[in-house]
Amino acid sequence: MNPNKALWEKGDFTRIARGMRASGEALVGELGVTPGLRVLDLGCGDGTTALPAARLGADGLGVDIAANLVAAGNLRARAESLANWRFREGDASDLQGLADNTFDLVVSIFGAMFAPQPDAVAREMVRVTRPGGRIVMGNWIPNDPTLVAQILKISAAYSPPPAAGFVSPMTWGLEDMVIARFAGAGVPRDRITFVRSTYVFEHPGAPSELLDDFSTYYGPTMNAFAAAEAEGRAHALRRELDDLFQAQNVSAKSTETRIPATFLKVTVSI
């Protein structure tokens with residue numbers, strides 16, 4: 001099996017995505033989505049940004065490599081009678097079946113950044129976007145002090161070294177790398193803009209409970225715990241992550257958790 005597919009099908013990212021809904025809707029609300037706009041959401045999961053776009057009238061397609069997330073997205077769309085949106089399996093680095101110049105807006109929020117061939121991802125996003133359209137990415141930033149970058153950094157310290165040729169998904173959070181990748185797809189520098197923004201993870205319980213969801217359902221964290229357990233280091237990993245979640249929680253209520261995480265928002269004008 002494709003290792004990236006195995007990673008994202010291993011857990012159940014819908015359990016994490018539940019706490020990301022409000023931020024996803026807010027982000028889509030800033031994109032100027034109008035009825036009839038043709039939208040592609042790459043690495044869409046179960047629809048955290050896709051379904052808010054559909055509710056605004058976009059005619060769209062969500063593509064994700066994980067079959068379980070595609071099924072969950074289609075179920076959510078049917079439950080809301082959103083016939084203008086569908087989900088299907090696909091690889092962000094090889095968008096088979098999608099014609100050139102098809103979409104007015106291509107969105108990928110913490111999705112395509114995890115595909116293992118970043119140059120191909122940039123080329124494919126540009127290829128399927130029509131002239132005059134836009135690409136919007138949300139990418140986690142390497143060494144950022146906020147939640148997700150630190151989860152991935154801590155998890156990597158407990159995991160085996162990556163395979164030869166591995167390109168860290170976090171490089172999508174570096175402006176120079178983003179510019180170089182889109183330049184390889186024919187996009188000039190002056191058509192790419194960057195801004196730092198914030199996603200908030202919300203959970204109706206203590207930070208330790210949110211960590212339980214990450215350790216049980218989030219593929220990268222699951223892999224880190226499996227590797228740490230094999231080396232007798234699982235308690236140390238749990239302690240580091242628990243300290244992180246506790247320190248980053250900004251909620252004043254003991255019955256809820258709110259943790260902001262900074263990301264790089266990339267906009268590419270085609």
# chains A, B, ... in the order shown; residues from 1 in each chain; ligands from 1
$ residues_around --residues "Arg55 (chain A)" --least-positions-apart "6" --cutoff "12 Å" --atoms "only C-alpha atoms" --output "list in words"
Glu25, Val28, Gly29, Val33, Thr34, Pro35, Gly36, Leu37, Gly47, Thr48, Thr49, Arg76, Ala77, Glu80, Ser81, Leu82, Ala83, Asn84 and Trp85 of chain A
$ residues_around --residues "Asp176 (chain A)" --least-positions-apart "4" --cutoff "12 Å" --atoms "only C-alpha atoms" --output "tab-separated table (two decimals) with C-alpha atoms, in the first residue's frame"
chain	number	residue	atom	x	y	z
A	171	THR	CA	8.92	22.43	4.20
A	172	TRP	CA	5.58	23.69	2.81
A	180	ALA	CA	10.48	27.54	-5.63
A	181	ARG	CA	7.83	24.85	-6.03
A	182	PHE	CA	5.33	27.11	-7.73
A	183	ALA	CA	8.10	28.65	-9.85
A	189	ARG	CA	7.00	35.21	-7.50
A	192	ILE	CA	2.31	34.41	-4.55
A	193	THR	CA	1.42	35.99	-1.21
A	194	PHE	CA	1.84	34.84	2.37
A	266	VAL	CA	-0.42	30.78	0.88
$ atom_distance --atom1 "CA of Gly11 (chain A)" --atom2 "CA of Asn249 (chain A)"
23.8 Å
$ closest_residue --among "A:Ser269, A:Thr221, A:Ser23, A:Thr216" --to "Thr198 (chain A)" --atoms "only C-alpha atoms"
A:Ser23
$ residues_around --residues "Ser208 (chain A)" --least-positions-apart "2" --cutoff "8 Å" --atoms "only C-alpha atoms" --output "PyMOL selection string"
chain A and resi 206+210-212+242+245-246
$ write_last_selection --atoms "N, CA, C and O atoms" --output "JSON list (two decimals), in the first residue's frame"
[["chain", "number", "residue", "atom", "x", "y", "z"],
["A", 206, "ALA", "N", -10.82, 18.15, 29.01],
["A", 206, "ALA", "CA", -9.49, 18.58, 29.42],
["A", 206, "ALA", "C", -8.47, 18.38, 28.29],
["A", 206, "ALA", "O", -8.68, 17.56, 27.39],
["A", 210, "LEU", "N", -7.96, 15.65, 24.80],
["A", 210, "LEU", "CA", -7.64, 15.96, 23.40],
["A", 210, "LEU", "C", -6.38, 15.20, 22.98],
["A", 210, "LEU", "O", -6.31, 14.66, 21.87],
["A", 211, "LEU", "N", -5.40, 15.12, 23.85],
["A", 211, "LEU", "CA", -4.21, 14.33, 23.57],
["A", 211, "LEU", "C", -4.57, 12.87, 23.34],
["A", 211, "LEU", "O", -4.00, 12.20, 22.46],
["A", 212, "ASP", "N", -5.52, 12.35, 24.11],
["A", 212, "ASP", "CA", -5.97, 10.97, 23.90],
["A", 212, "ASP", "C", -6.45, 10.78, 22.47],
["A", 212, "ASP", "O", -6.18, 9.75, 21.84],
["A", 242, "ASP", "N", 1.74, 15.73, 26.88],
["A", 242, "ASP", "CA", 0.78, 16.24, 27.86],
["A", 242, "ASP", "C", 1.20, 17.61, 28.35],
["A", 242, "ASP", "O", 0.36, 18.52, 28.48],
["A", 245, "PHE", "N", 0.25, 20.10, 25.56],
["A", 245, "PHE", "CA", -1.18, 20.39, 25.47],
["A", 245, "PHE", "C", -1.64, 21.25, 26.64],
["A", 245, "PHE", "O", -2.45, 22.17, 26.46],
["A", 246, "GLN", "N", -1.15, 20.96, 27.83],
["A", 246, "GLN", "CA", -1.53, 21.75, 29.00],
["A", 246, "GLN", "C", -1.05, 23.19, 28.86],
["A", 246, "GLN", "O", -1.79, 24.14, 29.15]]
$ select_by_dssp --residues "region 45-270 of chain A" --states "helix (DSSP H, G or I)" --output "PyMOL selection string"
chain A and resi 50-55+67-79+112-114+118-128+147-157+169-173+175-184+189-191+207-217+219-230+234-248
$ residues_around --residues "Leu27 (chain A)" --least-positions-apart "4" --cutoff "10 Å" --atoms "only C-alpha atoms" --output "number ranges by chain"
A: 21-23, 31, 49, 52-53, 109, 138, 197-199, 265
$ write_last_selection --atoms "C-alpha atoms" --output "mmCIF file, in the first residue's frame"
data_model
loop_
_atom_site.group_PDB
_atom_site.id
_atom_site.type_symbol
_atom_site.label_atom_id
_atom_site.label_comp_id
_atom_site.auth_asym_id
_atom_site.auth_seq_id
_atom_site.Cartn_x
_atom_site.Cartn_y
_atom_site.Cartn_z
ATOM 1 C CA ARG A 21 -14.866 22.889 12.314
ATOM 2 C CA ALA A 22 -15.257 26.477 13.518
ATOM 3 C CA SER A 23 -11.846 27.542 12.202
ATOM 4 C CA LEU A 31 -12.220 33.192 0.489
ATOM 5 C CA THR A 49 -13.327 23.288 4.637
ATOM 6 C CA PRO A 52 -18.563 25.233 4.375
ATOM 7 C CA ALA A 53 -17.754 26.015 0.716
ATOM 8 C CA ILE A 109 -5.651 23.184 4.268
ATOM 9 C CA GLY A 138 -2.750 26.308 4.749
ATOM 10 C CA SER A 197 -2.999 32.887 10.462
ATOM 11 C CA THR A 198 -4.421 30.779 13.290
ATOM 12 C CA TYR A 199 -6.469 27.608 13.557
ATOM 13 C CA LYS A 265 -1.607 30.808 4.489
#
$ closest_residue --among "A:Leu42, A:Ala227, A:Leu56, A:Val250" --to "Met137 (chain A)" --atoms "only C-alpha atoms"
A:Leu42
$ select_by_dssp --residues "region 200-248 of chain A" --states "strand (DSSP E)" --output "ChimeraX atom specification"
/A:200-203
$ write_last_selection --atoms "N, CA and C atoms" --output "PDB file, in the first residue's frame"
ATOM      1  N   VAL A 200      -7.828  27.081  15.498  1.00  0.00           N
ATOM      2  CA  VAL A 200      -8.048  26.759  16.902  1.00  0.00           C
ATOM      3  C   VAL A 200      -8.613  25.345  17.012  1.00  0.00           C
ATOM      4  N   PHE A 201      -7.952  24.535  17.824  1.00  0.00           N
ATOM      5  CA  PHE A 201      -8.445  23.194  18.123  1.00  0.00           C
ATOM      6  C   PHE A 201      -9.315  23.281  19.376  1.00  0.00           C
ATOM      7  N   GLU A 202     -10.545  22.824  19.256  1.00  0.00           N
ATOM      8  CA  GLU A 202     -11.502  22.905  20.364  1.00  0.00           C
ATOM      9  C   GLU A 202     -11.919  21.494  20.782  1.00  0.00           C
ATOM     10  N   HIS A 203     -12.057  21.316  22.088  1.00  0.00           N
ATOM     11  CA  HIS A 203     -12.446  20.002  22.596  1.00  0.00           C
ATOM     12  C   HIS A 203     -13.277  20.177  23.857  1.00  0.00           C
TER      13      HIS A 203
END
$ residues_around --residues "Ser159 (chain A)" --least-positions-apart "2" --cutoff "10 Å" --atoms "only C-alpha atoms" --output "ChimeraX atom specification"
/A:154-157,161-162,220-221,223-228
$ closest_residue --among "A:Leu237, A:Glu231, A:Val39, A:Phe114" --to "Ser215 (chain A)" --atoms "only C-alpha atoms"
A:Leu237
$ atom_distance --atom1 "CA of Thr267 (chain A)" --atom2 "CA of Ile65 (chain A)"
23.0 Å
$ closest_residue --among "A:Asp100, A:Asp243, A:Asp12, A:Asp41" --to "Ile135 (chain A)" --atoms "only C-alpha atoms"
A:Asp41
$ atom_distance --atom1 "CA of Pro142 (chain A)" --atom2 "CA of Val126 (chain A)"
24.2 Å
$ closest_residue --among "A:Ala236, A:Leu244, A:Met20, A:Ile179" --to "Tyr158 (chain A)" --atoms "only C-alpha atoms"
A:Ala236
$ residues_around --residues "Gly133 (chain A)" --least-positions-apart "5" --cutoff "9 Å" --atoms "only C-alpha atoms" --output "number ranges by chain"
A: 101, 103-106, 268-270
$ closest_residue --among "A:Leu40, A:Leu241, A:Ala50, A:Leu264" --to "Leu147 (chain A)" --atoms "only C-alpha atoms"
A:Leu241
$ decode --residues "region 21-43 of chain A" --atoms "N, CA and C atoms" --output "short mmCIF file (atom, residue, chain, number, x, y, z; two decimals), in the first residue's frame"
data_model
loop_
_atom_site.label_atom_id
_atom_site.label_comp_id
_atom_site.auth_asym_id
_atom_site.auth_seq_id
_atom_site.Cartn_x
_atom_site.Cartn_y
_atom_site.Cartn_z
N ARG A 21 -13.77 22.44 13.19
CA ARG A 21 -14.87 22.89 12.31
C ARG A 21 -15.03 24.41 12.29
N ALA A 22 -15.00 25.04 13.46
CA ALA A 22 -15.26 26.48 13.52
C ALA A 22 -14.18 27.24 12.75
N SER A 23 -12.92 26.86 12.92
CA SER A 23 -11.85 27.54 12.20
C SER A 23 -11.93 27.28 10.71
N GLY A 24 -12.32 26.07 10.33
CA GLY A 24 -12.48 25.77 8.91
C GLY A 24 -13.54 26.63 8.26
N GLU A 25 -14.66 26.78 8.95
CA GLU A 25 -15.74 27.62 8.42
C GLU A 25 -15.31 29.08 8.33
N ALA A 26 -14.59 29.56 9.33
CA ALA A 26 -14.12 30.94 9.32
C ALA A 26 -13.14 31.18 8.17
N LEU A 27 -12.25 30.24 7.92
CA LEU A 27 -11.30 30.38 6.84
C LEU A 27 -12.01 30.46 5.50
N VAL A 28 -12.96 29.55 5.28
CA VAL A 28 -13.69 29.55 4.01
C VAL A 28 -14.48 30.85 3.84
N GLY A 29 -14.96 31.39 4.95
CA GLY A 29 -15.71 32.65 4.87
C GLY A 29 -14.88 33.82 4.37
N GLU A 30 -13.55 33.68 4.43
CA GLU A 30 -12.65 34.74 3.95
C GLU A 30 -12.27 34.58 2.48
N LEU A 31 -12.71 33.51 1.83
CA LEU A 31 -12.22 33.19 0.49
C LEU A 31 -13.10 33.73 -0.63
N GLY A 32 -14.18 34.37 -0.30
CA GLY A 32 -15.03 34.93 -1.34
C GLY A 32 -15.75 33.89 -2.17
N VAL A 33 -16.17 32.80 -1.53
CA VAL A 33 -16.88 31.74 -2.23
C VAL A 33 -18.29 32.22 -2.57
N THR A 34 -18.69 32.03 -3.82
CA THR A 34 -20.01 32.45 -4.29
C THR A 34 -20.70 31.28 -4.98
N PRO A 35 -22.03 31.32 -5.10
CA PRO A 35 -22.74 30.23 -5.76
C PRO A 35 -22.20 29.98 -7.17
N GLY A 36 -21.99 28.71 -7.47
CA GLY A 36 -21.52 28.32 -8.79
C GLY A 36 -20.01 28.31 -8.96
N LEU A 37 -19.27 28.83 -7.97
CA LEU A 37 -17.81 28.79 -8.07
C LEU A 37 -17.36 27.34 -8.07
N ARG A 38 -16.44 26.99 -8.97
CA ARG A 38 -15.94 25.63 -9.05
C ARG A 38 -14.72 25.49 -8.14
N VAL A 39 -14.85 24.63 -7.13
CA VAL A 39 -13.84 24.53 -6.08
C VAL A 39 -13.34 23.10 -5.97
N LEU A 40 -12.03 22.95 -5.81
CA LEU A 40 -11.40 21.67 -5.50
C LEU A 40 -10.75 21.79 -4.13
N ASP A 41 -11.03 20.85 -3.24
CA ASP A 41 -10.38 20.80 -1.93
C ASP A 41 -9.50 19.56 -1.91
N LEU A 42 -8.18 19.77 -1.84
CA LEU A 42 -7.21 18.68 -1.87
C LEU A 42 -6.78 18.30 -0.45
N GLY A 43 -6.76 16.99 -0.18
CA GLY A 43 -6.47 16.55 1.17
C GLY A 43 -7.57 17.02 2.10
#
